[in-house]
Amino acid sequence: MFDMQAQVYETVIGLEVHAQLLTKSKLFSADETSFGAEPNTYISPVTLGYPGTLPVLNKEAVRLAIKMGLACNSEIETWNYFARKNYFYPDLPKGYQISQHTTPICKGGYIKITQPSGDKQVQLNRIHLEEDAGKSMHDKDDDFTSLDFNRAGVPLIEIVTEPCLNNSDEAVAFLVNLRRILRYLNICDGNMEEGSMRCDANVSIRKKGEKVLGIKVEIKNLNSIRNVKRAIEFEVNRMHELRNKNEAIVQQTRSFDAVNGTTFSLRSKEDANDYRYFPDPDLPPFEVTPELLRNIEETIPALPEQLIGRYMEKYNLSRYDAEVITDDKETADYFESLILLTSSYKAAANWLLGPVKSYLNENGISISSFPLKPTGMASLIALVEDGRVHFSTASSKIFPELISGSTTDPLEIATRLNLIQTCDETRILEWVKQTLEKMPEKVLEYKKGKKGLLGLFVGEVKKISNGQADPQLTNQILIQKLEK
């Protein structure tokens, strides 16, 4: 039934992503923003909205918001003010949230995503600054709701897309690339599990060919990219089933139950005028000067999409390899340092995505904690590329020794362990002879047509020679002997 409905209707998705800015203090007070503190320790009269307290704008938060807008090709609003968004929640102590309404600091812009069908520019509506609310906890006490105001006043940017995404895969690709940009710019750590990045998804369906948007449902506070995908897919399926039954889709706010993979209703959706926005009387308007814009623009590094293009064009890497390398800035920085020391770019990528990545995963560390510096890695790559040591020998025997820190010279290790490959035909011929004498039955099978056994013989020569036999010469000599 879903497939039949999918032929009639198209999905339209818009995302609203809240990203916590990496500032030391809150948006309008000097209270700390660190994660994991005891409840209600990072608070003050300003955070709690006591009468007579006055907010003071955090300039660093403004700078980070502008930086994100410039990276997303947005127009920067030079004259800004904050508004009060009025609504009541127990964890919103002032009874209103300070946000931006008619003057978002960044207007428009786009973030590019790559899909099997091609590249797509996901259009942004706005990026604006606002403060976070506190946190309600309903499982701490049987009779009461507990409130933690540590997050109240934490600076956020909200990145709002246009309703231009058409399936959950596009939504995932957008979030992955958005998080990557946030991390490259050092604006937000993107940790959805800790709540420093959260996503709301606005989902609707309409008949194909129609221009008017269908009735939307907003799914709130999705805390992982996987759950964004699951929630959207469930909601689209639910809407198709309602249409199939000729039942109305109701505009509402819903939440996602990650355990059973379903959405459920929270409340009917408020409209913007329900919030009674008006300019905050305690915060003066602020202006973004051309000089400030220039200074911020100079701090923007090469972003993932630029690096991917350069790695593919200049270093002949596959898009997959380039995307994995640029998935986090630390790995890309390591690769950048490495390719200054070697011209074997593909080999550098293979080492980074193979042995290095395996070591990081096994030890649960990031590349910033990787003990082998790019200089040592470049020397190891040179040893393999010059044909002095086979890759498998280098990765299994020399690489672990380098990581242990006993020495930083791979050649010294290779020499000490007697791993240097030889092209001495006499020695290789002797190893080949030992191999063939050891496996006479396999030799007969090869001669009867099982040519795939050549790899077995090569492996045995490698074993006998302790990896010293040059593989290419070993192949040639084996074929000569076996074809007699």
# chains A, B, ... in the order shown; residues from 1 in each chain; ligands from 1
>>> select_by_dssp(residues="stretch 140-384 of chain A", states="alpha helix (DSSP H)", output="compact mmCIF listing (two decimals) with C-alpha atoms, in the first residue's frame")
# COMPACT_ATOMS: atom_id res chain seq x y z
CA SER A 168 15.00 10.66 4.64
CA ASP A 169 18.28 9.97 2.81
CA GLU A 170 18.53 13.61 1.78
CA ALA A 171 17.80 14.67 5.36
CA VAL A 172 20.59 12.39 6.61
CA ALA A 173 23.05 13.69 4.01
CA PHE A 174 22.23 17.27 5.00
CA LEU A 175 22.75 16.61 8.70
CA VAL A 176 26.01 14.76 8.12
CA ASN A 177 27.40 17.61 6.04
CA LEU A 178 26.03 20.27 8.40
CA ARG A 179 27.65 18.62 11.41
CA ARG A 180 30.91 18.30 9.51
CA ILE A 181 30.89 22.04 8.72
CA LEU A 182 30.09 22.94 12.34
CA ARG A 183 33.03 20.89 13.53
CA TYR A 184 35.46 22.23 10.91
CA ILE A 225 20.93 11.15 12.77
CA ARG A 226 19.70 7.56 12.72
CA ASN A 227 16.56 8.57 14.62
CA VAL A 228 15.94 11.44 12.21
CA LYS A 229 15.84 8.92 9.38
CA ARG A 230 13.62 6.48 11.30
CA ALA A 231 11.20 9.17 12.46
CA ILE A 232 10.76 10.67 9.00
CA GLU A 233 10.18 7.28 7.40
CA PHE A 234 7.60 6.29 10.02
CA GLU A 235 5.79 9.62 9.73
CA VAL A 236 5.66 9.53 5.93
CA ASN A 237 4.26 6.01 6.07
CA ARG A 238 1.67 7.12 8.65
CA MET A 239 0.57 10.01 6.43
CA HIS A 240 0.23 7.74 3.41
CA GLU A 241 -1.96 5.37 5.43
CA LEU A 242 -4.18 8.26 6.57
CA ARG A 243 -4.61 9.42 2.97
CA ASN A 244 -5.41 5.89 1.88
CA PRO A 290 32.27 45.46 7.44
CA GLU A 291 35.54 45.18 9.39
CA LEU A 292 34.08 42.46 11.65
CA LEU A 293 32.83 40.55 8.60
CA ARG A 294 36.29 40.67 7.00
CA ASN A 295 37.97 39.51 10.20
CA ILE A 296 35.59 36.56 10.56
CA GLU A 297 35.88 35.58 6.90
CA PRO A 304 35.04 19.49 3.51
CA GLU A 305 33.50 19.99 0.07
CA GLN A 306 36.50 22.05 -1.05
CA LEU A 307 38.93 19.46 0.30
CA ILE A 308 37.03 16.57 -1.30
CA GLY A 309 37.20 18.28 -4.68
CA ARG A 310 40.93 18.96 -4.29
CA TYR A 311 41.72 15.42 -3.12
CA MET A 312 39.86 13.92 -6.06
CA GLU A 313 41.29 16.27 -8.70
CA LYS A 314 44.85 16.82 -7.48
CA ARG A 319 35.19 10.32 -3.65
CA TYR A 320 34.66 7.70 -0.94
CA ASP A 321 38.26 7.96 0.28
CA ALA A 322 38.13 11.76 0.19
CA GLU A 323 34.86 11.82 2.14
CA VAL A 324 36.15 9.48 4.85
CA ILE A 325 39.36 11.49 5.25
CA LYS A 329 38.92 17.95 10.67
CA GLU A 330 41.61 16.23 12.77
CA THR A 331 41.96 13.42 10.22
CA ALA A 332 42.01 15.90 7.34
CA ASP A 333 44.67 17.96 9.14
CA TYR A 334 46.82 14.83 9.62
CA PHE A 335 46.45 13.95 5.93
CA GLU A 336 47.35 17.53 4.94
CA SER A 337 50.55 17.29 6.99
CA LEU A 338 51.33 13.84 5.59
CA TYR A 345 49.08 10.36 -2.11
CA LYS A 346 47.07 7.19 -2.71
CA ALA A 347 49.36 5.21 -0.43
CA ALA A 348 48.98 7.90 2.26
CA ALA A 349 45.19 7.61 2.00
CA ASN A 350 45.36 3.81 2.13
CA TRP A 351 47.46 3.86 5.30
CA LYS A 357 41.91 3.83 11.27
CA SER A 358 41.86 0.25 12.59
CA TYR A 359 44.27 1.21 15.37
CA LEU A 360 42.15 4.24 16.33
CA ASN A 361 38.96 2.16 16.38
CA GLU A 362 40.51 -0.66 18.41
CA ASN A 363 41.82 1.77 21.01
CA PRO A 374 53.25 12.39 10.00
CA THR A 375 57.05 12.34 9.62
CA GLY A 376 57.23 8.75 10.86
CA MET A 377 54.29 7.72 8.71
CA ALA A 378 55.89 9.31 5.63
CA SER A 379 59.11 7.37 6.24
CA LEU A 380 57.14 4.12 6.51
CA ILE A 381 55.26 4.87 3.28
CA ALA A 382 58.58 5.55 1.51
CA LEU A 383 59.97 2.21 2.72
CA VAL A 384 57.03 0.37 1.11
>>> residues_around(residues="A:Ala152", least_positions_apart="5", cutoff="8 Å", atoms="only C-alpha atoms", output="short mmCIF file (atom, residue, chain, number, x, y, z; two decimals) with C-alpha atoms, in the first residue's frame")
data_model
loop_
_atom_site.label_atom_id
_atom_site.label_comp_id
_atom_site.auth_asym_id
_atom_site.auth_seq_id
_atom_site.Cartn_x
_atom_site.Cartn_y
_atom_site.Cartn_z
CA THR A 47 19.80 32.73 34.02
CA LEU A 48 16.85 32.32 36.39
CA ASP A 91 11.96 24.90 32.44
CA LEU A 92 11.73 28.37 30.86
CA GLU A 131 19.04 30.96 24.06
CA ASP A 132 18.26 27.43 25.17
CA ALA A 133 15.70 26.50 27.81
CA GLY A 134 16.36 24.40 30.90
CA LYS A 135 15.60 20.70 31.23
#
>>> residues_around(residues="A:Cys199", least_positions_apart="4", cutoff="8 Å", atoms="only C-alpha atoms", output="list in words")
Leu15, Glu16, Val17, His18, Lys220, Asn221, Leu222, Asn223 and Val228 of chain A
>>> write_last_selection(atoms="all heavy atoms", output="PDB file, in the first residue's frame")
ATOM      1  N   LEU A  15      13.999  20.983   7.775  1.00  0.00           N
ATOM      2  CA  LEU A  15      14.664  20.683   9.044  1.00  0.00           C
ATOM      3  C   LEU A  15      14.972  21.962   9.809  1.00  0.00           C
ATOM      4  O   LEU A  15      15.276  23.008   9.216  1.00  0.00           O
ATOM      5  CB  LEU A  15      15.963  19.908   8.811  1.00  0.00           C
ATOM      6  CG  LEU A  15      15.850  18.552   8.117  1.00  0.00           C
ATOM      7  CD1 LEU A  15      17.233  17.930   7.952  1.00  0.00           C
ATOM      8  CD2 LEU A  15      14.938  17.608   8.881  1.00  0.00           C
ATOM      9  N   GLU A  16      14.875  21.863  11.118  1.00  0.00           N
ATOM     10  CA  GLU A  16      15.301  22.940  12.009  1.00  0.00           C
ATOM     11  C   GLU A  16      16.332  22.329  12.961  1.00  0.00           C
ATOM     12  O   GLU A  16      16.000  21.437  13.752  1.00  0.00           O
ATOM     13  CB  GLU A  16      14.118  23.504  12.796  1.00  0.00           C
ATOM     14  CG  GLU A  16      13.016  24.081  11.908  1.00  0.00           C
ATOM     15  CD  GLU A  16      11.768  24.447  12.702  1.00  0.00           C
ATOM     16  OE1 GLU A  16      11.829  24.420  13.957  1.00  0.00           O
ATOM     17  OE2 GLU A  16      10.735  24.741  12.074  1.00  0.00           O
ATOM     18  N   VAL A  17      17.563  22.798  12.864  1.00  0.00           N
ATOM     19  CA  VAL A  17      18.651  22.203  13.637  1.00  0.00           C
ATOM     20  C   VAL A  17      19.166  23.227  14.642  1.00  0.00           C
ATOM     21  O   VAL A  17      19.542  24.343  14.273  1.00  0.00           O
ATOM     22  CB  VAL A  17      19.806  21.750  12.724  1.00  0.00           C
ATOM     23  CG1 VAL A  17      20.917  21.093  13.547  1.00  0.00           C
ATOM     24  CG2 VAL A  17      19.296  20.780  11.658  1.00  0.00           C
ATOM     25  N   HIS A  18      19.163  22.842  15.913  1.00  0.00           N
ATOM     26  CA  HIS A  18      19.726  23.679  16.961  1.00  0.00           C
ATOM     27  C   HIS A  18      21.144  23.203  17.256  1.00  0.00           C
ATOM     28  O   HIS A  18      21.352  22.025  17.543  1.00  0.00           O
ATOM     29  CB  HIS A  18      18.892  23.600  18.245  1.00  0.00           C
ATOM     30  CG  HIS A  18      17.555  24.251  18.132  1.00  0.00           C
ATOM     31  ND1 HIS A  18      16.447  23.596  17.631  1.00  0.00           N
ATOM     32  CD2 HIS A  18      17.144  25.510  18.451  1.00  0.00           C
ATOM     33  CE1 HIS A  18      15.410  24.419  17.653  1.00  0.00           C
ATOM     34  NE2 HIS A  18      15.801  25.582  18.139  1.00  0.00           N
ATOM     35  N   LYS A 220       9.747  16.648  17.082  1.00  0.00           N
ATOM     36  CA  LYS A 220      10.640  17.451  17.911  1.00  0.00           C
ATOM     37  C   LYS A 220      11.809  16.653  18.503  1.00  0.00           C
ATOM     38  O   LYS A 220      11.676  15.462  18.797  1.00  0.00           O
ATOM     39  CB  LYS A 220       9.856  18.070  19.084  1.00  0.00           C
ATOM     40  CG  LYS A 220       8.784  19.070  18.660  1.00  0.00           C
ATOM     41  CD  LYS A 220       9.380  20.375  18.168  1.00  0.00           C
ATOM     42  CE  LYS A 220       9.929  21.219  19.295  1.00  0.00           C
ATOM     43  NZ  LYS A 220      10.378  22.550  18.815  1.00  0.00           N
ATOM     44  N   ASN A 221      12.907  17.374  18.695  1.00  0.00           N
ATOM     45  CA  ASN A 221      14.036  16.935  19.523  1.00  0.00           C
ATOM     46  C   ASN A 221      14.573  15.544  19.179  1.00  0.00           C
ATOM     47  O   ASN A 221      14.700  14.682  20.044  1.00  0.00           O
ATOM     48  CB  ASN A 221      13.647  16.986  21.002  1.00  0.00           C
ATOM     49  CG  ASN A 221      13.505  18.416  21.505  1.00  0.00           C
ATOM     50  OD1 ASN A 221      14.192  19.320  21.038  1.00  0.00           O
ATOM     51  ND2 ASN A 221      12.610  18.617  22.440  1.00  0.00           N
ATOM     52  N   LEU A 222      14.867  15.350  17.923  1.00  0.00           N
ATOM     53  CA  LEU A 222      15.488  14.090  17.499  1.00  0.00           C
ATOM     54  C   LEU A 222      16.978  14.143  17.846  1.00  0.00           C
ATOM     55  O   LEU A 222      17.679  15.101  17.500  1.00  0.00           O
ATOM     56  CB  LEU A 222      15.276  13.887  16.004  1.00  0.00           C
ATOM     57  CG  LEU A 222      13.793  13.745  15.616  1.00  0.00           C
ATOM     58  CD1 LEU A 222      13.600  13.934  14.113  1.00  0.00           C
ATOM     59  CD2 LEU A 222      13.249  12.402  16.066  1.00  0.00           C
ATOM     60  N   ASN A 223      17.461  13.112  18.542  1.00  0.00           N
ATOM     61  CA  ASN A 223      18.782  13.204  19.155  1.00  0.00           C
ATOM     62  C   ASN A 223      19.849  12.332  18.510  1.00  0.00           C
ATOM     63  O   ASN A 223      20.891  12.069  19.098  1.00  0.00           O
ATOM     64  CB  ASN A 223      18.696  12.885  20.649  1.00  0.00           C
ATOM     65  CG  ASN A 223      18.252  11.448  20.903  1.00  0.00           C
ATOM     66  OD1 ASN A 223      17.933  10.720  19.958  1.00  0.00           O
ATOM     67  ND2 ASN A 223      18.226  11.040  22.153  1.00  0.00           N
ATOM     68  N   VAL A 228      16.556  10.526  13.178  1.00  0.00           N
ATOM     69  CA  VAL A 228      15.937  11.442  12.214  1.00  0.00           C
ATOM     70  C   VAL A 228      15.420  10.640  11.028  1.00  0.00           C
ATOM     71  O   VAL A 228      14.274  10.813  10.589  1.00  0.00           O
ATOM     72  CB  VAL A 228      16.943  12.517  11.742  1.00  0.00           C
ATOM     73  CG1 VAL A 228      16.366  13.311  10.574  1.00  0.00           C
ATOM     74  CG2 VAL A 228      17.300  13.458  12.884  1.00  0.00           C
TER      75      VAL A 228
END
>>> residues_around(residues="stretch 208-217 of chain A", least_positions_apart="2", cutoff="10 Å", atoms="only C-alpha atoms", output="VMD selection string")
chain A and resid 6 to 14 163 201 to 206 219 to 220 235 to 236 239 248 to 254 265 268 to 269
>>> residues_around(residues="A:Val288", least_positions_apart="6", cutoff="8 Å", atoms="only C-alpha atoms", output="PyMOL selection string")
chain A and resi 77-80
>>> select_by_dssp(residues="stretch 209-292 of chain A", states="strand (DSSP E)", output="list in words")
Val217, Glu218, Ile219, Lys220, Asn221, Leu222, Gln252, Thr253, Arg254, Ser255, Phe256, Asp257, Thr262, Thr263, Phe264, Ser265, Leu266, Arg267, Ser268, Phe278, Pro279, Phe286 and Glu287 of chain A
>>> atom_distance(atom1="atom CA of A:Leu303", atom2="atom CA of A:Phe35")
26.9 Å
>>> residues_around(residues="stretch 470-479 of chain A", least_positions_apart="4", cutoff="12 Å", atoms="only C-alpha atoms", output="PyMOL selection string")
chain A and resi 384+386-393+419-436+443+446-447+451-463+465-466+483-484
>>> atom_distance(atom1="atom CA of A:Phe28", atom2="atom CA of A:Pro55")
4.8 Å
>>> atom_distance(atom1="atom CA of A:Gly190", atom2="atom CA of A:Val46")
26.8 Å
>>> closest_residue(among="A:Gln100, A:Thr289, A:Ser117, A:Asn40", to="A:Leu147", atoms="only C-alpha atoms")
A:Asn40
>>> closest_residue(among="A:Ser318, A:Gln20, A:Gln97, A:Ser74", to="A:Ser196", atoms="only C-alpha atoms")
A:Gln20
